[in-house]
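A.B. asks: For reference, the file input_29.cif (mmCIF, N, CA and C atoms) is included below:
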data_structure
loop_
_atom_site.label_atom_id
_atom_site.label_comp_id
_atom_site.auth_asym_id
_atom_site.auth_seq_id
_atom_site.Cartn_x
_atom_site.Cartn_y
_atom_site.Cartn_z
N MET F 18 91.32 97.92 91.76
CA MET F 18 90.67 96.66 92.00
C MET F 18 89.38 96.62 91.19
N VAL F 19 89.17 95.49 90.53
CA VAL F 19 87.93 95.28 89.80
C VAL F 19 87.35 93.92 90.19
N VAL F 20 86.04 93.81 90.07
CA VAL F 20 85.35 92.55 90.32
C VAL F 20 85.03 91.95 88.96
N SER F 21 85.59 90.77 88.69
CA SER F 21 85.42 90.16 87.38
C SER F 21 85.84 88.69 87.44
N GLU F 22 85.29 87.91 86.54
CA GLU F 22 85.73 86.52 86.38
C GLU F 22 86.63 86.39 85.15
N ALA F 23 87.05 87.53 84.59
CA ALA F 23 87.87 87.53 83.36
C ALA F 23 89.10 88.41 83.52
N PRO F 24 90.09 87.97 84.33
CA PRO F 24 91.28 88.80 84.56
C PRO F 24 92.06 89.10 83.30
N HIS F 25 91.97 88.24 82.29
CA HIS F 25 92.72 88.46 81.05
C HIS F 25 92.32 89.76 80.35
N LEU F 26 91.15 90.27 80.65
CA LEU F 26 90.71 91.53 80.03
C LEU F 26 91.52 92.73 80.52
N TYR F 27 92.25 92.58 81.62
CA TYR F 27 92.98 93.68 82.22
C TYR F 27 94.49 93.58 82.01
N GLY F 28 94.92 92.59 81.25
CA GLY F 28 96.33 92.44 80.93
C GLY F 28 96.81 91.03 81.17
N GLN F 29 97.72 90.58 80.29
CA GLN F 29 98.23 89.23 80.39
C GLN F 29 99.76 89.18 80.31
N ASP F 30 100.39 90.32 80.55
CA ASP F 30 101.85 90.35 80.47
C ASP F 30 102.46 89.67 81.69
N SER F 31 103.65 89.11 81.50
CA SER F 31 104.26 88.31 82.56
C SER F 31 104.86 89.18 83.66
N PHE F 32 104.97 88.59 84.84
CA PHE F 32 105.59 89.22 86.00
C PHE F 32 105.88 88.11 87.01
N VAL F 33 106.65 88.46 88.02
CA VAL F 33 106.94 87.55 89.12
C VAL F 33 106.42 88.18 90.40
N LEU F 34 105.63 87.42 91.14
CA LEU F 34 105.13 87.87 92.44
C LEU F 34 106.12 87.38 93.50
N ASN F 35 106.96 88.30 93.99
CA ASN F 35 108.03 87.95 94.93
C ASN F 35 107.54 87.82 96.36
N GLY F 36 106.54 88.62 96.72
CA GLY F 36 106.06 88.61 98.09
C GLY F 36 104.72 89.29 98.21
N ALA F 37 103.96 88.87 99.23
CA ALA F 37 102.64 89.45 99.48
C ALA F 37 102.41 89.50 100.98
N ALA F 38 101.83 90.60 101.46
CA ALA F 38 101.53 90.75 102.88
C ALA F 38 100.33 91.67 103.05
N ILE F 39 99.61 91.46 104.16
CA ILE F 39 98.48 92.31 104.49
C ILE F 39 98.79 93.01 105.81
N ALA F 40 98.57 94.33 105.83
CA ALA F 40 98.67 95.13 107.04
C ALA F 40 97.45 96.05 107.08
N GLY F 41 96.58 95.84 108.04
CA GLY F 41 95.34 96.62 108.09
C GLY F 41 94.50 96.32 106.87
N ASP F 42 94.11 97.36 106.15
CA ASP F 42 93.31 97.21 104.93
C ASP F 42 94.15 97.27 103.66
N ALA F 43 95.46 97.08 103.78
CA ALA F 43 96.35 97.20 102.62
C ALA F 43 96.98 95.86 102.27
N LEU F 44 96.91 95.52 100.99
CA LEU F 44 97.62 94.37 100.44
C LEU F 44 98.87 94.90 99.75
N SER F 45 100.03 94.51 100.26
CA SER F 45 101.30 94.95 99.67
C SER F 45 101.89 93.81 98.86
N LEU F 46 102.29 94.12 97.64
CA LEU F 46 102.88 93.12 96.74
C LEU F 46 104.23 93.62 96.25
N ASN F 47 105.20 92.72 96.21
CA ASN F 47 106.49 93.02 95.62
C ASN F 47 106.55 92.27 94.29
N LEU F 48 106.69 93.01 93.20
CA LEU F 48 106.60 92.45 91.85
C LEU F 48 107.85 92.75 91.04
N SER F 49 108.22 91.81 90.19
CA SER F 49 109.30 92.02 89.23
C SER F 49 108.79 91.75 87.83
N TYR F 50 109.33 92.52 86.87
CA TYR F 50 108.90 92.37 85.49
C TYR F 50 109.91 93.06 84.57
N ALA F 51 109.89 92.66 83.31
CA ALA F 51 110.77 93.28 82.31
C ALA F 51 110.10 94.55 81.78
N GLY F 52 110.90 95.56 81.50
CA GLY F 52 110.35 96.80 80.95
C GLY F 52 111.30 97.95 81.16
N GLY F 53 110.73 99.12 81.39
CA GLY F 53 111.52 100.31 81.64
C GLY F 53 111.25 101.46 80.69
N CYS F 54 110.43 101.22 79.65
CA CYS F 54 110.19 102.27 78.66
C CYS F 54 108.74 102.73 78.59
N ALA F 55 107.86 102.11 79.36
CA ALA F 55 106.45 102.48 79.35
C ALA F 55 105.88 102.27 80.75
N ARG F 56 104.74 102.86 80.98
CA ARG F 56 104.07 102.70 82.28
C ARG F 56 103.40 101.33 82.34
N HIS F 57 103.63 100.62 83.42
CA HIS F 57 103.02 99.30 83.62
C HIS F 57 101.84 99.45 84.57
N GLU F 58 100.75 98.76 84.26
CA GLU F 58 99.56 98.82 85.09
C GLU F 58 99.25 97.44 85.65
N PHE F 59 99.05 97.37 86.96
CA PHE F 59 98.66 96.14 87.64
C PHE F 59 97.27 96.33 88.21
N THR F 60 96.40 95.38 87.94
CA THR F 60 95.02 95.43 88.40
C THR F 60 94.74 94.20 89.25
N LEU F 61 94.24 94.41 90.45
CA LEU F 61 93.81 93.32 91.31
C LEU F 61 92.40 92.93 90.88
N VAL F 62 92.25 91.69 90.42
CA VAL F 62 90.97 91.21 89.91
C VAL F 62 90.38 90.24 90.93
N VAL F 63 89.21 90.58 91.43
CA VAL F 63 88.56 89.87 92.52
C VAL F 63 87.37 89.09 91.99
N SER F 64 87.22 87.85 92.45
CA SER F 64 86.10 87.02 92.04
C SER F 64 84.77 87.67 92.42
N GLU F 65 83.74 87.36 91.67
CA GLU F 65 82.42 87.92 91.92
C GLU F 65 81.76 87.36 93.17
N SER F 66 82.17 86.18 93.61
CA SER F 66 81.50 85.58 94.77
C SER F 66 82.50 84.94 95.73
N PHE F 67 82.08 84.92 96.99
CA PHE F 67 82.86 84.27 98.04
C PHE F 67 82.66 82.76 97.94
N ARG F 68 83.67 82.01 98.33
CA ARG F 68 83.54 80.57 98.49
C ARG F 68 83.16 80.32 99.94
N GLU F 69 82.09 79.59 100.11
CA GLU F 69 81.59 79.35 101.46
C GLU F 69 82.48 78.36 102.20
N SER F 70 83.05 78.82 103.29
CA SER F 70 83.86 78.02 104.21
C SER F 70 83.96 78.84 105.48
N ASP F 71 84.71 78.39 106.44
CA ASP F 71 84.88 79.16 107.65
C ASP F 71 86.36 79.31 107.94
N PRO F 72 86.97 80.47 107.67
CA PRO F 72 86.35 81.68 107.12
C PRO F 72 86.12 81.55 105.61
N VAL F 73 85.31 82.48 105.08
CA VAL F 73 85.04 82.46 103.64
C VAL F 73 86.33 82.67 102.87
N GLN F 74 86.33 82.23 101.63
CA GLN F 74 87.49 82.38 100.76
C GLN F 74 87.10 83.24 99.57
N LEU F 75 88.08 83.95 99.03
CA LEU F 75 87.84 84.79 97.87
C LEU F 75 89.02 84.69 96.92
N PRO F 76 88.80 84.14 95.71
CA PRO F 76 89.87 84.08 94.72
C PRO F 76 90.22 85.47 94.18
N LEU F 77 91.51 85.71 94.03
CA LEU F 77 92.03 86.96 93.47
C LEU F 77 93.12 86.62 92.47
N SER F 78 93.30 87.48 91.50
CA SER F 78 94.44 87.36 90.61
C SER F 78 94.94 88.76 90.28
N LEU F 79 96.13 88.82 89.76
CA LEU F 79 96.74 90.09 89.40
C LEU F 79 96.94 90.12 87.90
N ALA F 80 96.41 91.15 87.26
CA ALA F 80 96.58 91.32 85.81
C ALA F 80 97.63 92.39 85.57
N HIS F 81 98.47 92.16 84.56
CA HIS F 81 99.56 93.08 84.24
C HIS F 81 99.44 93.52 82.79
N ASP F 82 99.35 94.82 82.59
CA ASP F 82 99.35 95.41 81.25
C ASP F 82 100.63 96.24 81.12
N ALA F 83 101.57 95.76 80.30
CA ALA F 83 102.85 96.45 80.10
C ALA F 83 102.75 97.57 79.08
N ASN F 84 101.58 97.78 78.50
CA ASN F 84 101.37 98.84 77.51
C ASN F 84 102.38 98.77 76.37
N GLY F 85 102.67 97.54 75.93
CA GLY F 85 103.55 97.34 74.79
C GLY F 85 105.02 97.58 75.05
N ASP F 86 105.41 97.68 76.30
CA ASP F 86 106.81 97.94 76.67
C ASP F 86 107.68 96.75 76.24
N SER F 87 108.62 96.99 75.32
CA SER F 87 109.50 95.91 74.85
C SER F 87 110.92 96.04 75.42
N CYS F 88 111.13 96.99 76.33
CA CYS F 88 112.44 97.12 76.95
C CYS F 88 112.72 95.93 77.87
N GLU F 89 114.00 95.70 78.15
CA GLU F 89 114.37 94.48 78.84
C GLU F 89 114.99 94.68 80.22
N ALA F 90 114.91 95.88 80.77
CA ALA F 90 115.40 96.08 82.14
C ALA F 90 114.55 95.23 83.07
N TRP F 91 115.16 94.69 84.12
CA TRP F 91 114.42 93.88 85.09
C TRP F 91 114.09 94.78 86.28
N LEU F 92 112.80 95.11 86.43
CA LEU F 92 112.36 96.05 87.45
C LEU F 92 111.71 95.31 88.61
N THR F 93 111.93 95.79 89.80
CA THR F 93 111.26 95.25 90.99
C THR F 93 110.68 96.43 91.75
N GLN F 94 109.36 96.36 92.00
CA GLN F 94 108.67 97.46 92.67
C GLN F 94 107.63 96.91 93.64
N ASP F 95 107.29 97.76 94.60
CA ASP F 95 106.22 97.45 95.54
C ASP F 95 104.94 98.14 95.09
N TYR F 96 103.84 97.44 95.21
CA TYR F 96 102.52 97.96 94.88
C TYR F 96 101.62 97.72 96.08
N GLU F 97 100.66 98.62 96.27
CA GLU F 97 99.73 98.47 97.39
C GLU F 97 98.30 98.62 96.88
N PHE F 98 97.43 97.75 97.39
CA PHE F 98 96.02 97.76 97.01
C PHE F 98 95.17 97.88 98.26
N ASP F 99 94.14 98.71 98.19
CA ASP F 99 93.21 98.92 99.29
C ASP F 99 92.20 97.78 99.32
N LEU F 100 92.13 97.08 100.45
CA LEU F 100 91.22 95.94 100.59
C LEU F 100 89.87 96.32 101.18
N SER F 101 89.66 97.58 101.57
CA SER F 101 88.41 97.96 102.21
C SER F 101 87.16 97.65 101.36
N PRO F 102 87.23 97.70 100.02
CA PRO F 102 86.04 97.28 99.26
C PRO F 102 85.67 95.81 99.50
N LEU F 103 86.66 94.96 99.79
CA LEU F 103 86.37 93.56 100.10
C LEU F 103 85.68 93.46 101.45
N ARG F 104 86.13 94.26 102.40
CA ARG F 104 85.48 94.31 103.72
C ARG F 104 84.02 94.73 103.56
N ASP F 105 83.78 95.73 102.72
CA ASP F 105 82.42 96.22 102.51
C ASP F 105 81.55 95.15 101.84
N ARG F 106 82.10 94.43 100.87
CA ARG F 106 81.36 93.33 100.22
C ARG F 106 81.03 92.23 101.22
N TYR F 107 81.99 91.92 102.08
CA TYR F 107 81.78 90.91 103.11
C TYR F 107 80.62 91.32 104.02
N ARG F 108 80.61 92.56 104.45
CA ARG F 108 79.57 93.04 105.36
C ARG F 108 78.20 93.07 104.70
N GLN F 109 78.16 93.34 103.40
CA GLN F 109 76.88 93.29 102.69
C GLN F 109 76.33 91.87 102.65
N ALA F 110 77.23 90.91 102.53
CA ALA F 110 76.81 89.50 102.43
C ALA F 110 76.57 88.85 103.78
N TYR F 111 77.36 89.23 104.81
CA TYR F 111 77.35 88.49 106.07
C TYR F 111 77.01 89.35 107.29
N GLY F 112 76.78 90.63 107.11
CA GLY F 112 76.43 91.49 108.23
C GLY F 112 77.61 92.27 108.77
N ASP F 113 77.28 93.29 109.56
CA ASP F 113 78.30 94.16 110.15
C ASP F 113 79.12 93.43 111.20
N GLY F 114 80.22 94.04 111.53
CA GLY F 114 81.06 93.49 112.57
C GLY F 114 82.37 92.99 112.02
N PRO F 115 83.16 92.34 112.88
CA PRO F 115 84.46 91.85 112.45
C PRO F 115 84.32 90.68 111.49
N GLY F 116 85.38 90.46 110.73
CA GLY F 116 85.34 89.35 109.78
C GLY F 116 86.72 88.90 109.38
N ARG F 117 86.74 87.77 108.68
CA ARG F 117 87.98 87.20 108.18
C ARG F 117 87.70 86.63 106.79
N ILE F 118 88.61 86.91 105.88
CA ILE F 118 88.52 86.38 104.51
C ILE F 118 89.86 85.77 104.15
N VAL F 119 89.83 84.53 103.69
CA VAL F 119 91.04 83.91 103.16
C VAL F 119 91.16 84.34 101.71
N LEU F 120 92.20 85.08 101.40
CA LEU F 120 92.43 85.55 100.03
C LEU F 120 93.27 84.52 99.29
N LEU F 121 92.71 83.99 98.23
CA LEU F 121 93.39 83.00 97.40
C LEU F 121 94.03 83.73 96.24
N LEU F 122 95.17 84.35 96.50
CA LEU F 122 95.86 85.14 95.48
C LEU F 122 96.70 84.22 94.62
N GLU F 123 96.33 84.15 93.36
CA GLU F 123 97.04 83.29 92.41
C GLU F 123 98.52 83.63 92.39
N GLY F 124 99.37 82.62 92.60
CA GLY F 124 100.81 82.79 92.55
C GLY F 124 101.45 83.35 93.80
N ALA F 125 100.66 83.55 94.86
CA ALA F 125 101.22 84.14 96.09
C ALA F 125 102.18 83.17 96.76
N PRO F 126 103.34 83.65 97.15
CA PRO F 126 104.25 82.80 97.92
C PRO F 126 103.56 82.38 99.22
N GLY F 127 103.57 81.11 99.52
CA GLY F 127 102.90 80.63 100.72
C GLY F 127 101.44 80.28 100.50
N GLY F 128 100.91 80.57 99.32
CA GLY F 128 99.55 80.13 98.97
C GLY F 128 98.45 81.11 99.28
N THR F 129 98.11 81.29 100.56
CA THR F 129 96.95 82.11 100.90
C THR F 129 97.35 83.25 101.84
N LEU F 130 96.46 84.23 101.94
CA LEU F 130 96.63 85.36 102.85
C LEU F 130 95.34 85.49 103.65
N LEU F 131 95.44 85.88 104.90
CA LEU F 131 94.26 86.06 105.73
C LEU F 131 94.05 87.54 105.98
N TYR F 132 92.89 88.04 105.53
CA TYR F 132 92.50 89.43 105.74
C TYR F 132 91.53 89.46 106.91
N VAL F 133 91.97 90.09 108.02
CA VAL F 133 91.17 90.18 109.23
C VAL F 133 90.82 91.65 109.46
N PHE F 134 89.54 91.91 109.77
CA PHE F 134 89.12 93.30 110.01
C PHE F 134 88.10 93.32 111.13
N SER F 135 87.99 94.50 111.76
CA SER F 135 87.04 94.65 112.86
C SER F 135 85.94 95.63 112.50
#
As C-alpha cells, please, write out the structure in this file.

C.D. replies:
Amino acid sequence: MVVSEAPHLYGQDSFVLNGAAIAGDALSLNLSYAGGCARHEFTLVVSESFRESDPVQLPLSLAHDANGDSCEAWLTQDYEFDLSPLRDRYRQAYGDGPGRIVLLLEGAPGGTLLYVFS
C-alpha cells in the first residue's frame, strides 16, 4: 500500500476486479489478468486525504505492473492487503477509538466498501 495521488506511477496494466471484501483489517480482492510468464505486482494506492462526510470516505485504486509479461494465459488470483495503516491514519486525524471509513475502491463490484474498526 502506498499513499499517492498518482496511481499510474505504480503500473497501468489491465486487470479485472472480480470481487472485493473486508474482514477485520484485511481487504481481499479477487483479480483476473492476462499473463503467466512474469511476476505481476499489484499496489493499493490510497488518496492522501480523507473526504469529509459521516463516515469519512477515502478514495483507493489498484495499480497493476505486469513487468512486461506478454503471455496470454488468463489468470485469476486472490490478493490481500492490510488496512491497519488506514486505521492508524484515521486515528491520527480523528482521535483514538472505533471508526468507520467508506473505501471508494475504483472498479469495485457494488461500488463502495465499509471498513469498520474498534

A.B. asks: Using only N, CA and C atoms, which residue out of F:Ala125, F:Ala55, F:Val63, F:Ala90 lies closest to F:Ala23?

C.D. replies: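 Counting only N, CA and C atoms, the residue closest to F:Ala23 is F:Val63.
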
A.B. asks: Can you turn the PyMOL selection byres ((chain F and resi 97) around 6) into a concrete residue list for this file, as a ChimeraX atom specification?

C.D. replies: /F:44-46,95-96,98-99

A.B. asks: Can you pull out the residues contacting F:Leu75? Cut-off 7 Å, using only N, CA and C atoms, and skip same-chain residues under 5 positions away; I want them as a list of chain:residue names.

C.D. replies: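 In the requested form, the answer reads F:Val63, F:Ser64, F:Ser66, F:Phe67, F:Arg68, F:Ile118, F:Val119, F:Leu120, F:Leu121, F:Leu122.
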
A.B. asks: Between F:Ser70, F:Ser101, F:Ser78, F:Gln109, which has the minimum distance to F:Glu22 (counting only C-alpha atoms)?

C.D. replies: F:Ser78

A.B. asks: Around all listed atoms of stretch 52-66 of chain F, padded 6 Å per side, what centre and edge lengths does the axis-aligned box have in Å to one decimal, as AutoDock Vina command-line options?

C.D. replies:
--center_x 96.5 --center_y 93.9 --center_z 87.2 --size_x 42.0 --size_y 29.9 --size_z 29.1

A.B. asks: With distances taken over only N, CA and C atoms, which of F:Tyr107, F:Tyr27, F:Phe32, F:Tyr50 is nearest to F:Glu89?

C.D. replies: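 Looking at the shortest contact to F:Glu89, the residue is F:Tyr50.
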
A.B. asks: Go ahead and compute the interatomic distance for atom N of F:Leu48 and atom C of F:Pro24, in Å to one decimal.

C.D. replies: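 The value is 18.1 Å.
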
A.B. asks: Pull the helix (DSSP H, G or I) assignments for stretch 23-135 of chain F out of DSSP run on the backbone, and list those residues as a list of chain:residue names.

C.D. replies: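 So, restricting stretch 23-135 of chain F to helix (DSSP H, G or I), we get F:Pro24, F:His25, F:Leu26, F:Tyr27, F:Ser101, F:Pro102, F:Leu103, F:Arg104, F:Asp105, F:Arg106, F:Tyr107, F:Arg108, F:Gln109, F:Ala110, F:Tyr111.
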
A.B. asks: Quick one: write out the picked residues with N, CA and C atoms as a compact mmCIF listing (two decimals), in the coordinates of the input?

C.D. replies:
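This went into result_13.txt:
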# COMPACT_ATOMS: atom_id res chain seq x y z
N PRO F 24 90.09 87.97 84.33
CA PRO F 24 91.28 88.80 84.56
C PRO F 24 92.06 89.10 83.30
N HIS F 25 91.97 88.24 82.29
CA HIS F 25 92.72 88.46 81.05
C HIS F 25 92.32 89.76 80.35
N LEU F 26 91.15 90.27 80.65
CA LEU F 26 90.71 91.53 80.03
C LEU F 26 91.52 92.73 80.52
N TYR F 27 92.25 92.58 81.62
CA TYR F 27 92.98 93.68 82.22
C TYR F 27 94.49 93.58 82.01
N SER F 101 89.66 97.58 101.57
CA SER F 101 88.41 97.96 102.21
C SER F 101 87.16 97.65 101.36
N PRO F 102 87.23 97.70 100.02
CA PRO F 102 86.04 97.28 99.26
C PRO F 102 85.67 95.81 99.50
N LEU F 103 86.66 94.96 99.79
CA LEU F 103 86.37 93.56 100.10
C LEU F 103 85.68 93.46 101.45
N ARG F 104 86.13 94.26 102.40
CA ARG F 104 85.48 94.31 103.72
C ARG F 104 84.02 94.73 103.56
N ASP F 105 83.78 95.73 102.72
CA ASP F 105 82.42 96.22 102.51
C ASP F 105 81.55 95.15 101.84
N ARG F 106 82.10 94.43 100.87
CA ARG F 106 81.36 93.33 100.22
C ARG F 106 81.03 92.23 101.22
N TYR F 107 81.99 91.92 102.08
CA TYR F 107 81.78 90.91 103.11
C TYR F 107 80.62 91.32 104.02
N ARG F 108 80.61 92.56 104.45
CA ARG F 108 79.57 93.04 105.36
C ARG F 108 78.20 93.07 104.70
N GLN F 109 78.16 93.34 103.40
CA GLN F 109 76.88 93.29 102.69
C GLN F 109 76.33 91.87 102.65
N ALA F 110 77.23 90.91 102.53
CA ALA F 110 76.81 89.50 102.43
C ALA F 110 76.57 88.85 103.78
N TYR F 111 77.36 89.23 104.81
CA TYR F 111 77.35 88.49 106.07
C TYR F 111 77.01 89.35 107.29

A.B. asks: For the strand (DSSP E) assignment from backbone DSSP, which residues of chain F qualify? Please present them as an MDAnalysis selection string.

C.D. replies: chainID F and resid 19:20 33:40 43:52 58:63 73:82 90:99 116:122 130:134

A.B. asks: Between atom N of F:Gly28 and atom N of F:His57, what distance in Å does the model show, to one decimal?

C.D. replies: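 Value for the atom N of F:Gly28-atom N of F:His57 distance: 12.0 Å.
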
A.B. asks: What residues come out when you apply the PyMOL selection byres ((chain F and resi 134) around 6) to this file, written as an MDAnalysis selection string?

C.D. replies: chainID F and resid 114:117 132:133 135

A.B. asks: Can you measure atom CA of F:Leu61 to atom CA of F:Asn47 for me? One decimal in Å is fine.

C.D. replies: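 Distance between the two atoms: 13.4 Å.
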